[in-house]
>>> print(open('work.cif').read())   # mmCIF, C-alpha atoms
data_coords
loop_
_atom_site.label_atom_id
_atom_site.label_comp_id
_atom_site.auth_asym_id
_atom_site.auth_seq_id
_atom_site.Cartn_x
_atom_site.Cartn_y
_atom_site.Cartn_z
CA MET A 1 -13.21 -15.94 5.99
CA SER A 2 -13.34 -12.72 8.01
CA LEU A 3 -12.35 -12.87 11.63
CA ARG A 4 -15.24 -12.79 14.03
CA ARG A 5 -15.34 -10.80 17.22
CA THR A 6 -15.93 -12.94 20.31
CA ALA A 7 -17.52 -11.68 23.48
CA ALA A 8 -17.91 -12.67 27.11
CA ALA A 9 -20.28 -11.07 29.58
CA LEU A 10 -19.10 -10.32 33.10
CA ALA A 11 -21.48 -9.27 35.84
CA ALA A 12 -21.19 -8.18 39.46
CA SER A 13 -23.86 -7.38 42.00
CA THR A 14 -22.20 -4.52 43.83
CA VAL A 15 -18.81 -3.82 42.24
CA LEU A 16 -18.22 -2.94 38.58
CA CYS A 17 -14.98 -4.50 37.38
CA ALA A 18 -13.53 -6.22 34.38
CA VAL A 19 -10.22 -7.48 33.12
CA ALA A 20 -9.34 -7.71 29.44
CA ALA A 21 -6.27 -9.78 28.66
CA PRO A 22 -4.50 -9.72 25.31
CA VAL A 23 -4.78 -12.78 23.15
CA ALA A 24 -2.01 -15.11 24.26
CA ALA A 25 0.64 -16.27 21.86
CA ALA A 26 -0.04 -19.80 23.11
CA ASP A 27 -3.33 -19.70 21.21
CA GLU A 28 -1.47 -19.38 17.95
CA SER A 29 -0.48 -22.37 15.88
CA PRO A 30 3.27 -22.96 15.83
CA SER A 31 5.04 -22.31 12.56
CA ALA A 32 8.51 -22.08 11.12
CA GLN A 33 8.44 -18.38 11.96
CA ALA A 34 7.09 -18.80 15.47
CA PRO A 35 10.15 -17.46 17.36
CA ALA A 36 9.98 -14.19 15.44
CA GLN A 37 6.23 -13.91 15.82
CA ARG A 38 6.03 -14.12 19.60
CA ASP A 39 7.67 -10.74 19.99
CA LEU A 40 5.91 -8.79 17.24
CA PRO A 41 4.81 -5.32 18.39
CA SER A 42 1.12 -5.07 19.22
CA GLY A 43 0.77 -2.00 17.00
CA LEU A 44 2.06 -3.76 13.89
CA TYR A 45 -0.32 -5.07 11.24
CA GLY A 46 0.06 -8.69 10.18
CA LYS A 47 1.69 -11.75 11.72
CA ASP A 48 4.28 -12.66 9.10
CA ASP A 49 7.94 -11.87 9.65
CA PRO A 50 8.20 -8.08 9.12
CA GLN A 51 11.94 -8.00 8.43
CA TYR A 52 11.55 -6.97 4.81
CA ASP A 53 8.13 -5.33 4.68
CA GLY A 54 7.18 -4.07 8.13
CA VAL A 55 7.04 -0.37 7.26
CA TRP A 56 5.63 -1.00 3.80
CA ARG A 57 2.72 -3.13 4.96
CA GLN A 58 1.97 -0.80 7.87
CA SER A 59 1.90 2.19 5.53
CA THR A 60 -0.32 0.40 3.02
CA ALA A 61 -2.76 -0.64 5.74
CA LEU A 62 -2.97 2.86 7.20
CA LEU A 63 -3.40 4.41 3.75
CA ALA A 64 -6.23 2.02 2.92
CA GLN A 65 -7.96 2.58 6.26
CA ASP A 66 -7.74 6.34 5.91
CA ALA A 67 -9.06 6.15 2.33
CA VAL A 68 -12.33 4.59 3.55
CA GLY A 69 -12.70 6.74 6.66
CA VAL A 70 -11.37 4.31 9.25
CA LYS A 71 -9.47 5.97 12.11
CA PRO A 72 -6.69 3.58 13.11
CA ALA A 73 -5.56 2.82 16.64
CA SER A 74 -3.09 5.35 17.97
CA LYS A 75 -0.52 2.67 18.65
CA ALA A 76 -0.64 1.55 15.03
CA VAL A 77 0.32 5.06 13.95
CA SER A 78 2.86 5.35 16.76
CA TRP A 79 4.53 2.15 15.64
CA LEU A 80 5.06 3.64 12.18
CA THR A 81 6.36 6.98 13.42
CA GLY A 82 8.65 5.14 15.83
CA GLN A 83 10.35 3.44 12.90
CA GLN A 84 11.69 6.71 11.53
CA CYS A 85 15.38 7.45 11.93
CA GLU A 86 16.64 10.84 13.08
CA ASP A 87 17.74 11.73 9.55
CA GLY A 88 14.18 11.24 8.31
CA SER A 89 14.64 7.86 6.63
CA PHE A 90 12.93 4.56 7.36
CA ALA A 91 14.43 1.09 7.24
CA SER A 92 12.31 -1.85 6.08
CA TYR A 93 11.88 -2.80 9.75
CA ARG A 94 13.62 -1.98 13.02
CA PRO A 95 12.89 -4.55 15.75
CA ASP A 96 13.89 -2.15 18.51
CA PRO A 97 13.01 1.44 17.61
CA THR A 98 14.32 2.65 20.97
CA GLU A 99 17.83 2.04 19.63
CA ALA A 100 19.08 4.94 17.53
CA CYS A 101 19.77 4.36 13.85
CA THR A 102 23.45 4.01 13.01
CA ALA A 103 25.62 3.72 9.93
CA GLU A 104 24.73 0.02 9.97
CA THR A 105 21.00 0.75 9.61
CA VAL A 106 20.01 0.03 6.01
CA ALA A 107 17.72 2.80 4.81
CA ASP A 108 14.89 1.76 2.49
CA VAL A 109 13.80 4.32 -0.11
CA ASN A 110 10.53 2.54 -0.89
CA ALA A 111 9.60 2.15 2.77
CA THR A 112 10.39 5.82 3.40
CA ALA A 113 8.26 6.95 0.47
CA ALA A 114 5.35 4.71 1.50
CA ALA A 115 5.53 6.03 5.07
CA VAL A 116 5.41 9.60 3.74
CA GLN A 117 2.22 8.81 1.84
CA ALA A 118 0.60 7.25 4.90
CA LEU A 119 1.61 9.94 7.40
CA ALA A 120 0.64 12.74 5.02
CA ALA A 121 -2.79 11.17 4.53
CA LEU A 122 -3.36 10.75 8.27
CA GLY A 123 -2.40 14.37 8.96
CA GLY A 124 -0.71 15.83 12.00
CA HIS A 125 2.75 14.56 11.07
CA GLY A 126 4.06 17.46 9.03
CA GLU A 127 7.48 17.60 10.64
CA ARG A 128 8.09 13.87 10.11
CA VAL A 129 6.89 14.06 6.52
CA GLU A 130 9.17 17.02 5.85
CA ARG A 131 12.21 15.25 7.29
CA ALA A 132 11.51 12.14 5.24
CA VAL A 133 11.13 14.16 2.03
CA GLN A 134 14.34 16.05 2.75
CA TRP A 135 16.14 12.73 3.14
CA LEU A 136 14.67 11.44 -0.13
CA ARG A 137 15.87 14.56 -1.92
CA LEU A 138 19.31 14.15 -0.33
CA VAL A 139 19.74 10.64 -1.75
CA GLN A 140 18.27 11.41 -5.18
CA ASN A 141 20.40 10.08 -8.03
CA ASP A 142 21.86 12.35 -10.71
CA ASP A 143 19.37 10.99 -13.26
CA GLY A 144 16.52 12.32 -11.11
CA GLY A 145 15.48 8.95 -9.74
CA TRP A 146 16.03 6.59 -6.84
CA GLY A 147 17.01 2.99 -6.27
CA PHE A 148 15.75 0.68 -3.56
CA ASN A 149 18.58 1.76 -1.25
CA PRO A 150 20.54 5.04 -1.31
CA GLY A 151 23.26 4.95 -3.95
CA SER A 152 21.82 2.04 -5.92
CA PRO A 153 20.85 2.59 -9.58
CA SER A 154 17.42 4.06 -10.17
CA ASP A 155 14.56 1.67 -10.87
CA ALA A 156 11.04 2.37 -12.09
CA ASN A 157 9.30 1.09 -8.96
CA SER A 158 11.34 3.16 -6.52
CA VAL A 159 11.04 6.30 -8.64
CA SER A 160 7.28 5.75 -8.82
CA VAL A 161 6.67 5.41 -5.09
CA VAL A 162 8.82 8.50 -4.40
CA ILE A 163 6.82 10.52 -6.92
CA GLY A 164 3.71 9.50 -4.99
CA ALA A 165 5.39 10.61 -1.77
CA LEU A 166 6.35 14.00 -3.18
CA ASP A 167 2.80 14.55 -4.37
CA ALA A 168 1.40 13.51 -0.98
CA ALA A 169 3.74 15.97 0.74
CA GLY A 170 2.50 18.80 -1.45
CA GLU A 171 5.58 19.03 -3.66
CA ASP A 172 5.65 19.13 -7.45
CA PRO A 173 7.71 16.14 -8.65
CA ALA A 174 8.57 18.02 -11.85
CA LYS A 175 10.44 20.59 -9.77
CA ALA A 176 12.34 18.09 -7.61
CA LEU A 177 15.55 18.37 -9.61
CA SER A 178 18.67 16.38 -8.80
CA ALA A 179 21.56 18.38 -7.34
CA LYS A 180 24.07 17.53 -10.09
CA GLY A 181 22.15 16.37 -13.12
CA GLU A 182 19.23 18.77 -12.65
CA LYS A 183 16.95 15.98 -13.75
CA SER A 184 13.42 15.50 -12.43
CA PRO A 185 11.91 12.21 -11.26
CA TYR A 186 9.89 12.22 -14.49
CA ASP A 187 13.10 12.38 -16.53
CA SER A 188 14.26 9.23 -14.77
CA LEU A 189 10.89 7.48 -14.96
CA LEU A 190 10.32 8.03 -18.66
CA GLY A 191 13.77 6.65 -19.35
CA PHE A 192 12.44 3.21 -18.40
CA GLN A 193 9.66 3.23 -21.01
CA LEU A 194 9.90 1.09 -24.13
CA GLY A 195 9.29 3.11 -27.30
CA CYS A 196 8.75 2.44 -30.96
CA ASP A 197 11.96 0.48 -31.30
CA ALA A 198 10.42 -2.25 -29.12
CA GLY A 199 8.18 -5.02 -30.36
CA LYS A 200 4.64 -3.87 -31.06
CA GLY A 201 3.25 -5.82 -28.13
CA GLU A 202 5.68 -4.19 -25.67
CA ARG A 203 5.51 -0.57 -26.76
CA GLY A 204 4.51 1.72 -23.94
CA ALA A 205 5.51 -0.74 -21.22
CA PHE A 206 8.06 0.19 -18.57
CA ALA A 207 11.10 -1.82 -17.58
CA TYR A 208 12.21 -2.21 -13.99
CA GLN A 209 15.81 -1.38 -14.90
CA PRO A 210 17.92 -1.70 -18.03
CA ASP A 211 20.05 -4.82 -18.21
CA GLU A 212 23.86 -4.75 -18.27
CA LYS A 213 23.76 -3.82 -21.96
CA GLY A 214 21.27 -1.02 -21.44
CA ARG A 215 18.36 -2.91 -22.95
CA LEU A 216 14.83 -2.53 -21.61
CA ALA A 217 12.42 -5.42 -21.10
CA ALA A 218 8.70 -4.96 -20.41
CA ASN A 219 7.79 -5.50 -16.75
CA ASP A 220 4.12 -5.47 -15.77
CA ASP A 221 4.82 -4.63 -12.13
CA ALA A 222 6.98 -1.64 -13.07
CA THR A 223 4.45 -0.55 -15.69
CA ALA A 224 1.53 -0.45 -13.24
CA ALA A 225 3.60 1.58 -10.79
CA ALA A 226 4.96 3.93 -13.45
CA VAL A 227 1.60 4.62 -15.11
CA LEU A 228 0.26 5.83 -11.77
CA ALA A 229 3.37 7.87 -10.99
CA ALA A 230 3.52 9.46 -14.45
CA ARG A 231 0.23 11.11 -13.54
CA GLY A 232 1.79 12.42 -10.35
CA GLU A 233 -0.40 10.19 -8.21
CA GLY A 234 0.18 8.08 -5.11
CA LEU A 235 -1.25 4.77 -3.98
CA ALA A 236 -4.39 6.24 -2.43
CA THR A 237 -5.62 8.05 -5.52
CA GLY A 238 -9.32 8.24 -6.16
CA PRO A 239 -11.23 7.76 -9.42
CA GLY A 240 -9.82 10.06 -12.10
CA GLY A 241 -6.88 11.09 -9.93
CA GLU A 242 -6.66 14.04 -7.58
CA ASP A 243 -9.50 15.97 -9.19
CA GLY A 244 -11.84 13.15 -8.26
CA GLY A 245 -13.84 13.70 -11.43
CA GLY A 246 -14.12 10.04 -12.19
CA GLU A 247 -15.10 10.71 -15.82
CA ASP A 248 -14.42 7.89 -18.24
CA ARG A 249 -11.71 8.93 -20.70
CA GLY A 250 -12.22 5.81 -22.74
CA ALA A 251 -9.44 3.59 -24.02
CA PRO A 252 -5.91 4.88 -23.36
CA LYS A 253 -3.93 6.19 -26.31
CA ALA A 254 -1.12 3.94 -27.47
CA LEU A 255 2.19 5.16 -28.89
CA GLU A 256 1.96 6.37 -32.46
CA CYS A 257 4.81 4.72 -34.25
CA ASP A 258 3.66 4.61 -37.86
CA LYS A 259 4.59 8.18 -38.75
CA GLY A 260 8.33 7.77 -38.62
CA ASP A 261 8.56 10.10 -35.63
CA LYS A 262 11.83 9.15 -34.02
CA GLY A 263 11.04 11.37 -31.07
CA VAL A 264 8.57 8.90 -29.61
CA GLU A 265 11.43 6.45 -29.14
CA ASP A 266 13.05 8.84 -26.70
CA GLY A 267 11.36 9.31 -23.35
CA ALA A 268 12.57 12.90 -23.26
CA GLU A 269 10.18 13.71 -26.12
CA ARG A 270 7.09 12.46 -24.32
CA THR A 271 5.21 14.25 -21.61
CA PRO A 272 4.46 12.30 -18.42
CA ALA A 273 0.76 12.29 -19.36
CA GLU A 274 1.54 10.83 -22.79
CA ALA A 275 3.81 8.25 -21.20
CA ALA A 276 1.05 7.33 -18.76
CA ASP A 277 -1.43 6.83 -21.58
CA ALA A 278 1.02 4.68 -23.53
CA GLY A 279 1.70 2.57 -20.45
CA ALA A 280 -2.02 2.27 -19.75
CA ALA A 281 -2.61 1.09 -23.32
CA TYR A 282 0.00 -1.63 -22.80
CA LEU A 283 -1.59 -2.67 -19.50
CA THR A 284 -5.03 -2.82 -21.11
CA ARG A 285 -3.75 -5.11 -23.87
CA VAL A 286 -2.05 -7.44 -21.40
CA LEU A 287 -5.03 -7.54 -19.07
CA GLU A 288 -7.39 -8.38 -21.92
CA ALA A 289 -5.06 -11.10 -23.16
CA GLY A 290 -4.95 -12.57 -19.66
CA GLY A 291 -8.72 -12.58 -19.22
CA GLY A 292 -8.67 -9.61 -16.84
CA HIS A 293 -5.50 -10.22 -14.87
CA LEU A 294 -1.73 -9.91 -15.09
CA LYS A 295 0.49 -12.96 -14.84
CA SER A 296 3.28 -13.61 -12.40
CA ALA A 297 6.69 -12.63 -13.67
CA MET A 298 8.68 -14.43 -10.97
CA PRO A 299 11.62 -16.23 -12.57
CA GLY A 300 11.02 -19.96 -12.72
CA ALA A 301 7.50 -19.64 -11.32
CA GLU A 302 4.66 -21.61 -12.79
CA GLU A 303 2.42 -19.36 -14.86
CA GLN A 304 -0.28 -18.05 -12.58
CA PRO A 305 -2.27 -14.88 -11.93
CA ASP A 306 -0.54 -12.01 -10.17
CA TYR A 307 -3.27 -10.62 -7.94
CA GLY A 308 -1.24 -7.84 -6.37
CA ASN A 309 0.00 -6.42 -9.66
CA THR A 310 -3.50 -6.70 -11.09
CA ALA A 311 -4.79 -4.59 -8.19
CA ASP A 312 -2.03 -2.05 -8.85
CA ALA A 313 -3.01 -1.97 -12.53
CA VAL A 314 -6.61 -1.28 -11.55
CA ILE A 315 -5.50 1.72 -9.48
CA ALA A 316 -3.32 3.03 -12.30
CA LEU A 317 -6.04 2.71 -14.94
CA ALA A 318 -8.67 4.25 -12.69
CA ALA A 319 -6.40 7.19 -11.88
CA GLY A 320 -6.12 7.90 -15.60
CA GLY A 321 -9.87 7.84 -16.06
CA HIS A 322 -9.90 4.52 -17.93
CA ARG A 323 -12.83 3.29 -15.91
CA ASP A 324 -14.09 0.50 -18.16
CA ALA A 325 -10.71 -1.19 -18.31
CA ALA A 326 -10.25 -0.78 -14.55
CA ALA A 327 -13.73 -2.12 -13.83
CA LYS A 328 -13.18 -5.29 -15.84
CA SER A 329 -10.08 -6.22 -13.89
CA LEU A 330 -11.68 -5.23 -10.61
CA THR A 331 -14.51 -7.65 -11.41
CA TRP A 332 -11.94 -10.37 -12.09
CA LEU A 333 -10.37 -9.71 -8.67
CA GLU A 334 -13.78 -9.95 -7.01
CA GLU A 335 -14.62 -13.21 -8.74
CA ASN A 336 -11.24 -14.78 -7.93
CA LEU A 337 -10.66 -13.36 -4.48
CA GLY A 338 -10.94 -16.75 -2.83
CA SER A 339 -7.96 -18.05 -4.81
CA TRP A 340 -5.55 -15.49 -3.39
CA ASP A 341 -4.37 -16.78 -0.04
CA LYS A 342 -2.87 -13.40 0.91
CA ALA A 343 -6.30 -11.78 0.70
CA THR A 344 -7.21 -13.35 4.04
CA THR A 345 -4.70 -12.02 6.56
CA SER A 346 -2.04 -10.02 4.68
CA PRO A 347 -2.40 -6.29 5.48
CA ALA A 348 -0.46 -5.31 2.36
CA ALA A 349 -2.63 -7.41 0.06
CA LEU A 350 -5.86 -6.34 1.70
CA GLY A 351 -4.74 -2.72 1.60
CA GLN A 352 -4.04 -3.04 -2.13
CA LEU A 353 -7.51 -4.43 -2.72
CA VAL A 354 -9.23 -1.75 -0.65
CA LEU A 355 -7.39 0.97 -2.58
CA ALA A 356 -8.16 -0.70 -5.91
CA ALA A 357 -11.86 -1.01 -5.12
CA ARG A 358 -12.02 2.60 -4.00
CA ALA A 359 -10.17 3.88 -7.07
CA ALA A 360 -12.31 1.94 -9.54
CA GLY A 361 -15.65 2.70 -7.92
CA GLY A 362 -16.16 -0.64 -6.18
CA ASP A 363 -17.29 -1.26 -2.63
CA PRO A 364 -14.47 -2.42 -0.32
CA ALA A 365 -17.05 -3.44 2.27
CA ASP A 366 -18.80 -5.75 -0.20
CA PHE A 367 -16.13 -7.06 -2.51
CA GLY A 368 -17.54 -10.18 -4.06
CA GLY A 369 -19.42 -10.72 -0.81
CA VAL A 370 -16.34 -10.10 1.36
CA ASN A 371 -15.82 -7.11 3.64
CA LEU A 372 -12.23 -6.17 2.85
CA VAL A 373 -12.25 -3.36 5.40
CA GLU A 374 -13.23 -5.72 8.19
CA ARG A 375 -10.53 -8.16 7.15
CA LEU A 376 -7.92 -5.43 7.02
CA ASN A 377 -8.91 -4.04 10.41
CA ALA A 378 -8.61 -7.53 11.89
CA THR A 379 -4.92 -7.75 10.96
CA GLY A 380 -3.94 -5.14 13.55
CA PRO A 381 -5.12 -3.32 16.66
CA ALA A 382 -8.80 -2.39 16.66
CA PRO A 383 -9.42 0.99 15.04
CA VAL A 384 -10.71 3.97 16.99
CA HIS A 385 -13.59 4.43 14.58
CA VAL A 386 -15.08 2.48 11.68
CA PRO A 387 -17.64 4.35 9.55
CA SER A 388 -21.13 3.09 8.99
CA GLY A 389 -21.33 0.67 6.11
CA THR A 390 -17.77 -0.60 6.40
CA ASP A 391 -17.85 -2.51 9.70
CA GLY A 392 -20.14 -5.32 8.62
CA GLY A 393 -22.76 -4.40 11.20
CA GLU A 394 -26.18 -2.77 11.06
CA ASP A 395 -25.64 -0.12 13.71
CA GLY A 396 -23.17 2.05 11.84
CA GLY A 397 -19.74 3.08 13.04
CA ARG A 398 -18.25 1.91 16.30
CA GLN A 399 -15.73 3.26 18.75
CA GLY A 400 -12.81 1.28 20.06
CA ALA A 401 -10.81 1.70 23.24
CA ALA A 402 -7.76 2.40 21.09
CA GLU A 403 -8.66 6.10 20.94
CA ASP A 404 -5.87 7.79 22.84
CA GLY A 405 -6.10 4.91 25.30
CA ASP A 406 -3.46 3.47 27.52
CA ASP A 407 -2.22 0.81 25.13
CA GLY A 408 -4.75 0.85 22.31
CA SER A 409 -5.70 -2.77 22.92
CA PRO A 410 -8.71 -3.94 20.91
CA VAL A 411 -11.25 -3.88 23.70
CA VAL A 412 -14.69 -2.25 23.53
CA TRP A 413 -16.93 -1.83 26.60
CA TYR A 414 -20.68 -1.67 26.43
CA LEU A 415 -23.18 -1.33 29.29
CA ILE A 416 -25.81 -4.05 29.07
CA GLY A 417 -27.58 -4.24 32.38
CA ALA A 418 -30.50 -2.61 34.05
CA GLY A 419 -30.59 -0.78 37.36
CA LEU A 420 -27.47 1.26 36.56
CA ALA A 421 -28.95 4.21 38.41
CA ALA A 422 -28.85 2.17 41.59
CA GLY A 423 -25.26 1.15 40.95
CA ALA A 424 -25.99 -2.58 41.12
CA GLY A 425 -26.74 -5.45 38.83
CA ALA A 426 -24.52 -4.02 36.08
CA GLY A 427 -22.51 -5.93 33.53
CA PHE A 428 -20.12 -5.27 30.79
CA LEU A 429 -19.64 -6.82 27.40
CA ILE A 430 -16.01 -7.24 26.40
CA SER A 431 -15.39 -7.57 22.69
CA MET A 432 -11.99 -8.76 21.54
CA ARG A 433 -10.65 -9.55 18.15
CA LYS A 434 -8.99 -12.92 18.15
CA ARG A 435 -6.02 -12.94 15.85
CA ARG A 436 -5.53 -15.92 13.63
CA ALA A 437 -2.08 -17.41 13.29
CA ARG A 438 -0.74 -17.59 9.79
#
>>> encode(input="work.cif", output="structure tokens")
Amino acid sequence: MSLRRTAAALAASTVLCAVAAPVAAADESPSAQAPAQRDLPSGLYGKDDPQYDGVWRQSTALLAQDAVGVKPASKAVSWLTGQQCEDGSFASYRPDPTEACTAETVADVNATAAAVQALAALGGHGERVERAVQWLRLVQNDDGGWGFNPGSPSDANSVSVVIGALDAAGEDPAKALSAKGEKSPYDSLLGFQLGCDAGKGERGAFAYQPDEKGRLAANDDATAAAVLAARGEGLATGPGGEDGGGEDRGAPKALECDKGDKGVEDGAERTPAEAADAGAAYLTRVLEAGGGHLKSAMPGAEEQPDYGNTADAVIALAAGGHRDAAAKSLTWLEENLGSWDKATTSPAALGQLVLAARAAGGDPADFGGVNLVERLNATGPAPVHVPSGTDGGEDGGRQGAAEDGDDGSPVVWYLIGAGLAAGAGAGFLISMRKRRAR
């Protein structure tokens, strides 16, 4: 259920005054993570321990808000920019950004690439985006790709998010050649795709990484990410990709393996667009077999729907113009939203859903009867502006005190009295978002 704004009216006969206190940590239910939660920055989205996903979830939330016209609180953006190291990189999370990054700071390629996408979308952060991209190019592997951390072997997911970052920064991924190997990110990415030598049901899929013997195994998560990246797109793509055409291209084209063409077994012989279509064809088959959703691939996990990867697949299919396939899975997400616990207070999950709905032509403000934008906004400081139609109200957009304010706290003041001209009998309505403990 969406968080509700609570209000209290304060009045004075001769003096206009009000005090707005932040929601106290004592109001939150204790949990196993309580010690870490008490000190979470007020500009950070979400209440879960941010050690491994702080920058990622912040970037996803900001991207999703920007995609639907929400102007986030300044301190939410400042928190993200404050996480950047001097060399341009981002760690997964730095508890104290006032301390300079050192050799002990573990840089996170995925977090850096996600931050680039968010800051580029928000605008006004050109220098930070440029430094981050320069760092990404500096740690690029010889095969043209990237691993999760600098120096680690390339993997499809990391390569994909960096391709999205390069595109967001205005660079052509095809021209981002590695210093030694002179390979592009697409060279690396297509090397993870299963070709005609794979089983018929796995052809076109992407692996996360080859195993120790160099073999590739289909991975739905990697495939959704790679299909989007092979089109040169980032997470916040619209219907039909950057051109915004939104025309339905019909069913994606699968690999043609019945002509004895050995070239299709080698990623070097496929164009990124052809690889994207082949991957999309695989995703479509798997989604149909699953009744509209992908299944969890967690080792040892009980077979269950993977909501996040399904949302990513929707974005990837929509970006390629495969609107019917994307719409079917988007409908499944709408109908089963209540079964995904993360879709209540997780900024990363809500951001994924907002971006999926936008890409596939859905309405994030009425997603199966749920206002995803309102839920997402409630996970962090109140936005400066929420456009009409996305705030759940009838009076259009609203302004928050976070706009260039002192601390960006989620407080909105409205005059409600009469006799203001006489300077007496005035009151104020204080609206605060009460954060729910996880």
>>> closest_residue(input="work.cif", among="A:Gln304, A:Gln51, A:Ser74, A:Ser178", to="A:Val384", atoms="only C-alpha atoms")
A:Ser74
>>> resolve_selection(input="work.cif", expression="the PyMOL selection byres ((chain A and resi 310-313) around 6)", output="compact mmCIF listing (two decimals) with C-alpha atoms, in the frame of the given file")
# COMPACT_ATOMS: atom_id res chain seq x y z
CA ALA A 224 1.53 -0.45 -13.24
CA HIS A 293 -5.50 -10.22 -14.87
CA LEU A 294 -1.73 -9.91 -15.09
CA TYR A 307 -3.27 -10.62 -7.94
CA GLY A 308 -1.24 -7.84 -6.37
CA ASN A 309 0.00 -6.42 -9.66
CA VAL A 314 -6.61 -1.28 -11.55
CA ILE A 315 -5.50 1.72 -9.48
CA ALA A 316 -3.32 3.03 -12.30
CA ALA A 356 -8.16 -0.70 -5.91
>>> resolve_selection(input="work.cif", expression="the PyMOL selection byres ((chain A and resi 359) around 8)", output="PyMOL selection string")
chain A and resi 236-240+314-315+318-319+355-358+360-362
>>> resolve_selection(input="work.cif", expression="the PyMOL selection byres ((chain A and resi 208-210) around 7)", output="ChimeraX atom specification")
/A:155-157,192,206-207,211-212,214-216,219,222
>>> residues_near_point(input="work.cif", point="(-0.2, 9.5, 3.9)", cutoff="7 Å", atoms="all atoms listed in the file", output="list in words")
Leu63, Ala115, Val116, Gln117, Ala118, Leu119, Ala120, Ala121, Leu122 and Ala168 of chain A
>>> closest_residue(input="work.cif", among="A:Ser78, A:Ser152, A:Thr345, A:Thr284", to="A:Ala205", atoms="only C-alpha atoms")
A:Thr284
>>> atom_distance(input="work.cif", atom1="atom CA of A:Phe90", atom2="atom CA of A:Gly351")
20.0 Å
>>> residues_around(input="work.cif", residues="A:Pro173", least_positions_apart="6", cutoff="12 Å", atoms="all atoms listed in the file", output="VMD selection string")
chain A and resid 133 136 to 137 144 to 145 159 to 167 183 to 189 229 to 234 272
>>> atom_distance(input="work.cif", atom1="atom CA of A:Val354", atom2="atom CA of A:Ala273")
25.4 Å
>>> atom_distance(input="work.cif", atom1="atom CA of A:Gly204", atom2="atom CA of A:Gly320")
14.9 Å
>>> residues_around(input="work.cif", residues="A:Gly69", least_positions_apart="6", cutoff="9 Å", atoms="only C-alpha atoms", output="PyMOL selection string")
chain A and resi 385-387+390
>>> closest_residue(input="work.cif", among="A:Asp143, A:Gln84, A:Val109, A:Lys200", to="A:Arg131", atoms="only C-alpha atoms")
A:Gln84
